[in-house]
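Taking it in order: structure first as structure tokens, then the write-up.
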Amino acid sequence: MPHEGNCASFCVSGDMSIYRAAELKDELLKAFDSGPALCLDLSQVAEFDTAGLQLLILLARLGAAGGKAFHVTAASEAVNDVFALLGYGAAQDGDWLSRVAARTTEGES
């Protein structure tokens, strides 16, 4: 897994959906644990559903709780369509991350 400075880079390709959620969870957690920050490239994601979103929220919450940075550096149209539908804006803008992190630090689930 390439590192950009202190940020481990990880690219997800193919589907990020319920059908790959368990596999991706293991891969993403391993990538997340490999350094102080994770830069996630979602530009090659063909299908994205709420299971994929839950994985991103998990990373955001783990980052907030453990003081690790997490960034989405690029996102496909499929990813951004789901984010827009849910009112999150673009996946890579980071605004949604701060909202998820704030809920985590306030103890909301």
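Every chain in the structure tokens has a letter given in the order shown (A, B, ...), and although residue numbers restart at 1 in each chain, ligands are simply numbered from 1 in the order shown.
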### Filtered DSSP result for chain A, state helix (DSSP H, G or I), as a count of residues only
53
Write out as a compact mmCIF listing (two decimals) with N, CA, C and O atoms, in the first residue's frame which residues come within 8 Å of region 42-52 of chain A when counting only C-alpha atoms, dropping same-chain ones fewer than 4 positions away.
# COMPACT_ATOMS: atom_id res chain seq x y z
N CYS A 11 -6.89 2.32 -2.70
CA CYS A 11 -7.86 2.50 -3.77
C CYS A 11 -8.84 1.34 -3.77
O CYS A 11 -8.43 0.18 -3.78
N VAL A 12 -10.13 1.66 -3.74
CA VAL A 12 -11.17 0.64 -3.85
C VAL A 12 -11.64 0.63 -5.29
O VAL A 12 -11.99 1.67 -5.85
N SER A 13 -11.65 -0.56 -5.90
CA SER A 13 -12.16 -0.67 -7.26
C SER A 13 -13.27 -1.72 -7.28
O SER A 13 -13.35 -2.58 -6.40
N GLY A 14 -14.12 -1.61 -8.27
CA GLY A 14 -15.27 -2.52 -8.35
C GLY A 14 -16.41 -2.01 -7.50
O GLY A 14 -16.63 -0.81 -7.36
N ASP A 15 -17.12 -2.93 -6.90
CA ASP A 15 -18.29 -2.57 -6.10
C ASP A 15 -17.93 -2.35 -4.64
O ASP A 15 -17.07 -3.04 -4.08
N MET A 16 -18.59 -1.40 -4.05
CA MET A 16 -18.48 -1.15 -2.61
C MET A 16 -19.91 -1.26 -2.08
O MET A 16 -20.58 -0.26 -1.82
N SER A 17 -20.34 -2.52 -1.99
CA SER A 17 -21.75 -2.79 -1.69
C SER A 17 -21.86 -3.92 -0.67
O SER A 17 -20.86 -4.48 -0.22
N ILE A 18 -23.08 -4.27 -0.35
CA ILE A 18 -23.37 -5.31 0.62
C ILE A 18 -22.68 -6.62 0.25
O ILE A 18 -22.28 -7.39 1.11
N ALA A 21 -19.02 -6.12 1.45
CA ALA A 21 -18.82 -5.36 2.68
C ALA A 21 -17.86 -6.04 3.66
O ALA A 21 -16.96 -5.38 4.19
N LEU A 56 -17.47 3.65 5.34
CA LEU A 56 -16.83 4.96 5.42
C LEU A 56 -17.13 5.64 6.76
O LEU A 56 -16.26 6.28 7.35
N VAL A 72 -11.17 11.11 1.90
CA VAL A 72 -11.54 10.56 0.60
C VAL A 72 -10.94 11.52 -0.42
O VAL A 72 -11.31 12.69 -0.47
N THR A 73 -9.98 11.02 -1.19
CA THR A 73 -9.27 11.89 -2.13
C THR A 73 -9.96 11.99 -3.48
O THR A 73 -9.78 12.97 -4.20
N ALA A 74 -10.74 10.98 -3.85
CA ALA A 74 -11.46 10.97 -5.12
C ALA A 74 -12.65 10.03 -4.99
O ALA A 74 -12.61 9.08 -4.21
N ALA A 75 -13.71 10.33 -5.73
CA ALA A 75 -14.91 9.50 -5.66
C ALA A 75 -15.55 9.40 -7.04
O ALA A 75 -15.55 10.36 -7.80
N SER A 76 -16.09 8.24 -7.32
CA SER A 76 -16.78 8.01 -8.60
C SER A 76 -18.16 8.67 -8.57
O SER A 76 -18.65 9.10 -7.52
N GLU A 77 -18.79 8.70 -9.72
CA GLU A 77 -20.14 9.25 -9.81
C GLU A 77 -21.10 8.43 -8.94
O GLU A 77 -21.99 8.99 -8.28
N ALA A 78 -20.92 7.11 -8.91
CA ALA A 78 -21.80 6.25 -8.10
C ALA A 78 -21.72 6.62 -6.62
O ALA A 78 -22.74 6.68 -5.93
N VAL A 79 -20.52 6.88 -6.14
CA VAL A 79 -20.34 7.25 -4.73
C VAL A 79 -20.96 8.62 -4.47
O VAL A 79 -21.74 8.80 -3.53
N VAL A 82 -24.84 8.74 -4.22
CA VAL A 82 -25.41 8.32 -2.93
C VAL A 82 -25.20 9.43 -1.89
O VAL A 82 -26.11 9.76 -1.14
### Task
Counting only C-alpha atoms, figure out which residue out of A:Ser9, A:Ala65, A:Gly89, A:Asp81 gets nearest to Cys39 (chain A).
A:Ser9
### Query
Can you tell me, as number ranges by chain, what residues are no more than 12 Å from Asp93 (chain A) when counting only C-alpha atoms, ignoring any on the same chain fewer than 2 positions away?
A: 70-75, 80, 83-84, 88-91, 95-99
Quick one: write out the picked residues with all heavy atoms as a short mmCIF file (atom, residue, chain, number, x, y, z; two decimals), in the first residue's frame?
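Printed below is result.cif as written:
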data_model
loop_
_atom_site.label_atom_id
_atom_site.label_comp_id
_atom_site.auth_asym_id
_atom_site.auth_seq_id
_atom_site.Cartn_x
_atom_site.Cartn_y
_atom_site.Cartn_z
N PHE A 70 -8.58 10.67 8.24
CA PHE A 70 -9.17 9.87 7.18
C PHE A 70 -9.68 10.83 6.12
O PHE A 70 -10.40 11.78 6.44
CB PHE A 70 -10.31 9.01 7.74
CG PHE A 70 -11.20 8.40 6.70
CD1 PHE A 70 -10.68 7.53 5.76
CD2 PHE A 70 -12.55 8.68 6.66
CE1 PHE A 70 -11.50 6.97 4.80
CE2 PHE A 70 -13.38 8.13 5.72
CZ PHE A 70 -12.85 7.26 4.78
N HIS A 71 -9.29 10.60 4.87
CA HIS A 71 -9.69 11.48 3.77
C HIS A 71 -10.13 10.66 2.57
O HIS A 71 -9.52 9.63 2.26
CB HIS A 71 -8.51 12.35 3.31
CG HIS A 71 -7.81 13.07 4.41
ND1 HIS A 71 -8.29 14.24 4.95
CD2 HIS A 71 -6.68 12.78 5.09
CE1 HIS A 71 -7.47 14.64 5.91
NE2 HIS A 71 -6.49 13.77 6.01
N VAL A 72 -11.17 11.11 1.90
CA VAL A 72 -11.54 10.56 0.60
C VAL A 72 -10.94 11.52 -0.42
O VAL A 72 -11.31 12.69 -0.47
CB VAL A 72 -13.07 10.45 0.43
CG1 VAL A 72 -13.43 9.99 -0.97
CG2 VAL A 72 -13.66 9.51 1.48
N THR A 73 -9.98 11.02 -1.19
CA THR A 73 -9.27 11.89 -2.13
C THR A 73 -9.96 11.99 -3.48
O THR A 73 -9.78 12.97 -4.20
CB THR A 73 -7.82 11.41 -2.34
OG1 THR A 73 -7.85 10.06 -2.83
CG2 THR A 73 -7.05 11.47 -1.03
N ALA A 74 -10.74 10.98 -3.85
CA ALA A 74 -11.46 10.97 -5.12
C ALA A 74 -12.65 10.03 -4.99
O ALA A 74 -12.61 9.08 -4.21
CB ALA A 74 -10.55 10.51 -6.25
N ALA A 75 -13.71 10.33 -5.73
CA ALA A 75 -14.91 9.50 -5.66
C ALA A 75 -15.55 9.40 -7.04
O ALA A 75 -15.55 10.36 -7.80
CB ALA A 75 -15.90 10.08 -4.66
N ASN A 80 -20.64 9.58 -5.31
CA ASN A 80 -21.17 10.93 -5.09
C ASN A 80 -22.68 11.01 -5.27
O ASN A 80 -23.33 11.84 -4.63
CB ASN A 80 -20.45 11.93 -5.98
CG ASN A 80 -19.11 12.34 -5.39
OD1 ASN A 80 -18.96 12.41 -4.18
ND2 ASN A 80 -18.15 12.61 -6.24
N PHE A 83 -24.02 10.04 -1.88
CA PHE A 83 -23.76 11.13 -0.94
C PHE A 83 -24.72 12.29 -1.18
O PHE A 83 -25.25 12.87 -0.23
CB PHE A 83 -22.30 11.59 -1.05
CG PHE A 83 -21.37 10.83 -0.16
CD1 PHE A 83 -21.06 9.51 -0.42
CD2 PHE A 83 -20.82 11.44 0.95
CE1 PHE A 83 -20.21 8.80 0.41
CE2 PHE A 83 -19.97 10.74 1.79
CZ PHE A 83 -19.67 9.42 1.52
N ALA A 84 -24.95 12.64 -2.43
CA ALA A 84 -25.87 13.74 -2.76
C ALA A 84 -27.30 13.39 -2.35
O ALA A 84 -28.01 14.23 -1.79
CB ALA A 84 -25.80 14.05 -4.25
N TYR A 88 -25.19 14.71 1.89
CA TYR A 88 -23.82 14.83 2.37
C TYR A 88 -22.94 15.68 1.47
O TYR A 88 -21.83 16.01 1.85
CB TYR A 88 -23.16 13.46 2.51
CG TYR A 88 -23.50 12.71 3.77
CD1 TYR A 88 -23.60 11.33 3.75
CD2 TYR A 88 -23.69 13.35 4.98
CE1 TYR A 88 -23.89 10.60 4.90
CE2 TYR A 88 -23.98 12.64 6.13
CZ TYR A 88 -24.08 11.27 6.10
OH TYR A 88 -24.35 10.57 7.23
N GLY A 89 -23.37 16.01 0.28
CA GLY A 89 -22.50 16.71 -0.66
C GLY A 89 -21.58 15.71 -1.32
O GLY A 89 -21.90 14.53 -1.44
N ALA A 90 -20.40 16.14 -1.73
CA ALA A 90 -19.44 15.25 -2.38
C ALA A 90 -18.64 14.48 -1.33
O ALA A 90 -18.29 15.02 -0.28
CB ALA A 90 -18.50 16.04 -3.27
N ALA A 91 -18.33 13.24 -1.64
CA ALA A 91 -17.60 12.38 -0.70
C ALA A 91 -16.24 12.95 -0.34
O ALA A 91 -15.80 12.84 0.79
CB ALA A 91 -17.44 10.98 -1.29
N ASP A 95 -16.77 17.52 4.46
CA ASP A 95 -17.77 18.10 5.35
C ASP A 95 -18.54 17.01 6.10
O ASP A 95 -18.79 17.13 7.29
CB ASP A 95 -18.72 18.98 4.54
CG ASP A 95 -19.37 20.04 5.39
OD1 ASP A 95 -18.74 20.50 6.36
OD2 ASP A 95 -20.52 20.39 5.08
N TRP A 96 -18.89 15.96 5.40
CA TRP A 96 -19.62 14.85 6.03
C TRP A 96 -18.76 14.19 7.10
O TRP A 96 -19.27 13.77 8.11
CB TRP A 96 -20.08 13.84 4.98
CG TRP A 96 -18.95 13.06 4.37
CD1 TRP A 96 -18.18 13.44 3.30
CD2 TRP A 96 -18.47 11.79 4.79
NE1 TRP A 96 -17.25 12.48 3.04
CE2 TRP A 96 -17.40 11.45 3.93
CE3 TRP A 96 -18.82 10.90 5.80
CZ2 TRP A 96 -16.69 10.27 4.05
CZ3 TRP A 96 -18.11 9.72 5.92
CH2 TRP A 96 -17.07 9.41 5.05
N LEU A 97 -17.46 14.15 6.89
CA LEU A 97 -16.56 13.55 7.87
C LEU A 97 -16.61 14.30 9.20
O LEU A 97 -16.65 13.69 10.26
CB LEU A 97 -15.12 13.55 7.36
CG LEU A 97 -14.74 12.44 6.40
CD1 LEU A 97 -13.38 12.73 5.77
CD2 LEU A 97 -14.74 11.11 7.08
N SER A 98 -16.62 15.61 9.12
CA SER A 98 -16.65 16.40 10.36
C SER A 98 -17.97 16.21 11.09
O SER A 98 -18.00 16.18 12.32
CB SER A 98 -16.38 17.87 10.07
OG SER A 98 -17.33 18.40 9.19
N ARG A 99 -19.07 16.05 10.35
CA ARG A 99 -20.36 15.81 11.00
C ARG A 99 -20.40 14.45 11.68
O ARG A 99 -20.90 14.31 12.79
CB ARG A 99 -21.50 15.95 10.00
CG ARG A 99 -21.77 17.41 9.64
CD ARG A 99 -22.95 17.54 8.75
NE ARG A 99 -22.46 17.33 7.39
CZ ARG A 99 -23.21 17.09 6.34
NH1 ARG A 99 -24.51 17.02 6.47
NH2 ARG A 99 -22.69 16.94 5.15
#
### Task
Identify which of the residues A:Leu53, A:Leu85, A:Ala69, A:Ala31 lies closest to Ala8 (chain A), counting only C-alpha atoms when measuring atom-to-atom distances.
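Going through A:Leu53, A:Leu85, A:Ala69, A:Ala31 one by one, the smallest distance to Ala8 (chain A) is for A:Ala31.
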### Task
Give me every strand (DSSP E or B) residue in region 38-86 of chain A, going by DSSP on the backbone, as an MDAnalysis selection string.
chainID A and resid 38:48 69:75
Requested write-out: N, CA, C and O atoms of the selected residues, as a CSV table (one decimal), in the first residue's frame:
chain,number,residue,atom,x,y,z
A,38,LEU,N,-5.3,7.8,6.6
A,38,LEU,CA,-5.7,7.0,5.4
A,38,LEU,C,-6.3,7.9,4.4
A,38,LEU,O,-7.2,8.7,4.7
A,39,CYS,N,-5.7,7.9,3.2
A,39,CYS,CA,-6.2,8.6,2.0
A,39,CYS,C,-6.9,7.5,1.1
A,39,CYS,O,-6.2,6.7,0.6
A,40,LEU,N,-8.2,7.7,1.0
A,40,LEU,CA,-9.0,6.6,0.3
A,40,LEU,C,-9.4,7.2,-1.1
A,40,LEU,O,-10.1,8.2,-1.2
A,41,ASP,N,-9.1,6.4,-2.1
A,41,ASP,CA,-9.5,6.8,-3.5
A,41,ASP,C,-10.6,5.9,-3.9
A,41,ASP,O,-10.5,4.7,-4.0
A,42,LEU,N,-11.8,6.5,-4.1
A,42,LEU,CA,-13.0,5.8,-4.5
A,42,LEU,C,-13.4,6.0,-5.9
A,42,LEU,O,-14.5,5.8,-6.3
A,43,SER,N,-12.5,6.5,-6.7
A,43,SER,CA,-12.8,6.9,-8.1
A,43,SER,C,-13.1,5.7,-9.0
A,43,SER,O,-13.7,5.9,-10.1
A,44,GLN,N,-12.7,4.5,-8.6
A,44,GLN,CA,-12.9,3.3,-9.4
A,44,GLN,C,-14.1,2.5,-8.9
A,44,GLN,O,-14.2,1.3,-9.3
A,45,VAL,N,-14.9,3.0,-8.0
A,45,VAL,CA,-16.0,2.3,-7.4
A,45,VAL,C,-17.2,2.3,-8.4
A,45,VAL,O,-17.6,3.4,-8.8
A,46,ALA,N,-17.6,1.2,-8.9
A,46,ALA,CA,-18.7,1.1,-9.9
A,46,ALA,C,-20.1,1.1,-9.3
A,46,ALA,O,-21.0,1.7,-9.8
A,47,GLU,N,-20.3,0.4,-8.1
A,47,GLU,CA,-21.5,0.4,-7.4
A,47,GLU,C,-21.3,0.7,-6.0
A,47,GLU,O,-20.4,0.2,-5.4
A,48,PHE,N,-22.1,1.6,-5.4
A,48,PHE,CA,-22.0,2.0,-4.0
A,48,PHE,C,-23.4,2.0,-3.4
A,48,PHE,O,-24.3,2.6,-3.9
A,69,ALA,N,-6.3,10.6,11.0
A,69,ALA,CA,-7.0,11.3,9.9
A,69,ALA,C,-7.5,10.3,8.8
A,69,ALA,O,-6.9,9.3,8.6
A,70,PHE,N,-8.6,10.7,8.2
A,70,PHE,CA,-9.2,9.9,7.2
A,70,PHE,C,-9.7,10.8,6.1
A,70,PHE,O,-10.4,11.8,6.4
A,71,HIS,N,-9.3,10.6,4.9
A,71,HIS,CA,-9.7,11.5,3.8
A,71,HIS,C,-10.1,10.7,2.6
A,71,HIS,O,-9.5,9.6,2.3
A,72,VAL,N,-11.2,11.1,1.9
A,72,VAL,CA,-11.5,10.6,0.6
A,72,VAL,C,-10.9,11.5,-0.4
A,72,VAL,O,-11.3,12.7,-0.5
A,73,THR,N,-10.0,11.0,-1.2
A,73,THR,CA,-9.3,11.9,-2.1
A,73,THR,C,-10.0,12.0,-3.5
A,73,THR,O,-9.8,13.0,-4.2
A,74,ALA,N,-10.7,11.0,-3.8
A,74,ALA,CA,-11.5,11.0,-5.1
A,74,ALA,C,-12.6,10.0,-5.0
A,74,ALA,O,-12.6,9.1,-4.2
A,75,ALA,N,-13.7,10.3,-5.7
A,75,ALA,CA,-14.9,9.5,-5.7
A,75,ALA,C,-15.6,9.4,-7.0
A,75,ALA,O,-15.6,10.4,-7.8
### Task
Would you mind telling me which residue in A:Leu58, A:Ala22, A:Cys7, A:Ala64 lies nearest to Gly35 (chain A) when using only C-alpha atoms?
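Closest residue, counting only C-alpha atoms: A:Cys7.
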### Query
Between CA of Glu23 (chain A) and CA of Gly67 (chain A), what is the spacing in Å?
24.7 Å
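Picture a line from CA of Leu24 (chain A) to CA of Arg61 (chain A); it runs 16.6 Å.
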#### Entry: Selected residue, from A:Asp26, A:Asn6, A:Pro36, A:Leu86, that lies nearest to Gly66 (chain A) when counting only C-alpha atoms
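Distance minimum relative to Gly66 (chain A) lands on A:Pro36.
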### Task
Go ahead and compute the interatomic distance for CA of Gly94 (chain A) and CA of Leu29 (chain A), in Å to one decimal.
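Interatomic distance, CA of Gly94 (chain A) to CA of Leu29 (chain A): 19.3 Å.
Each of A:Tyr19, A:Gln92, A:Phe10, A:Gln54 was checked against Ser34 (chain A) using only C-alpha atoms; the smallest atom-to-atom distance is that of A:Phe10.
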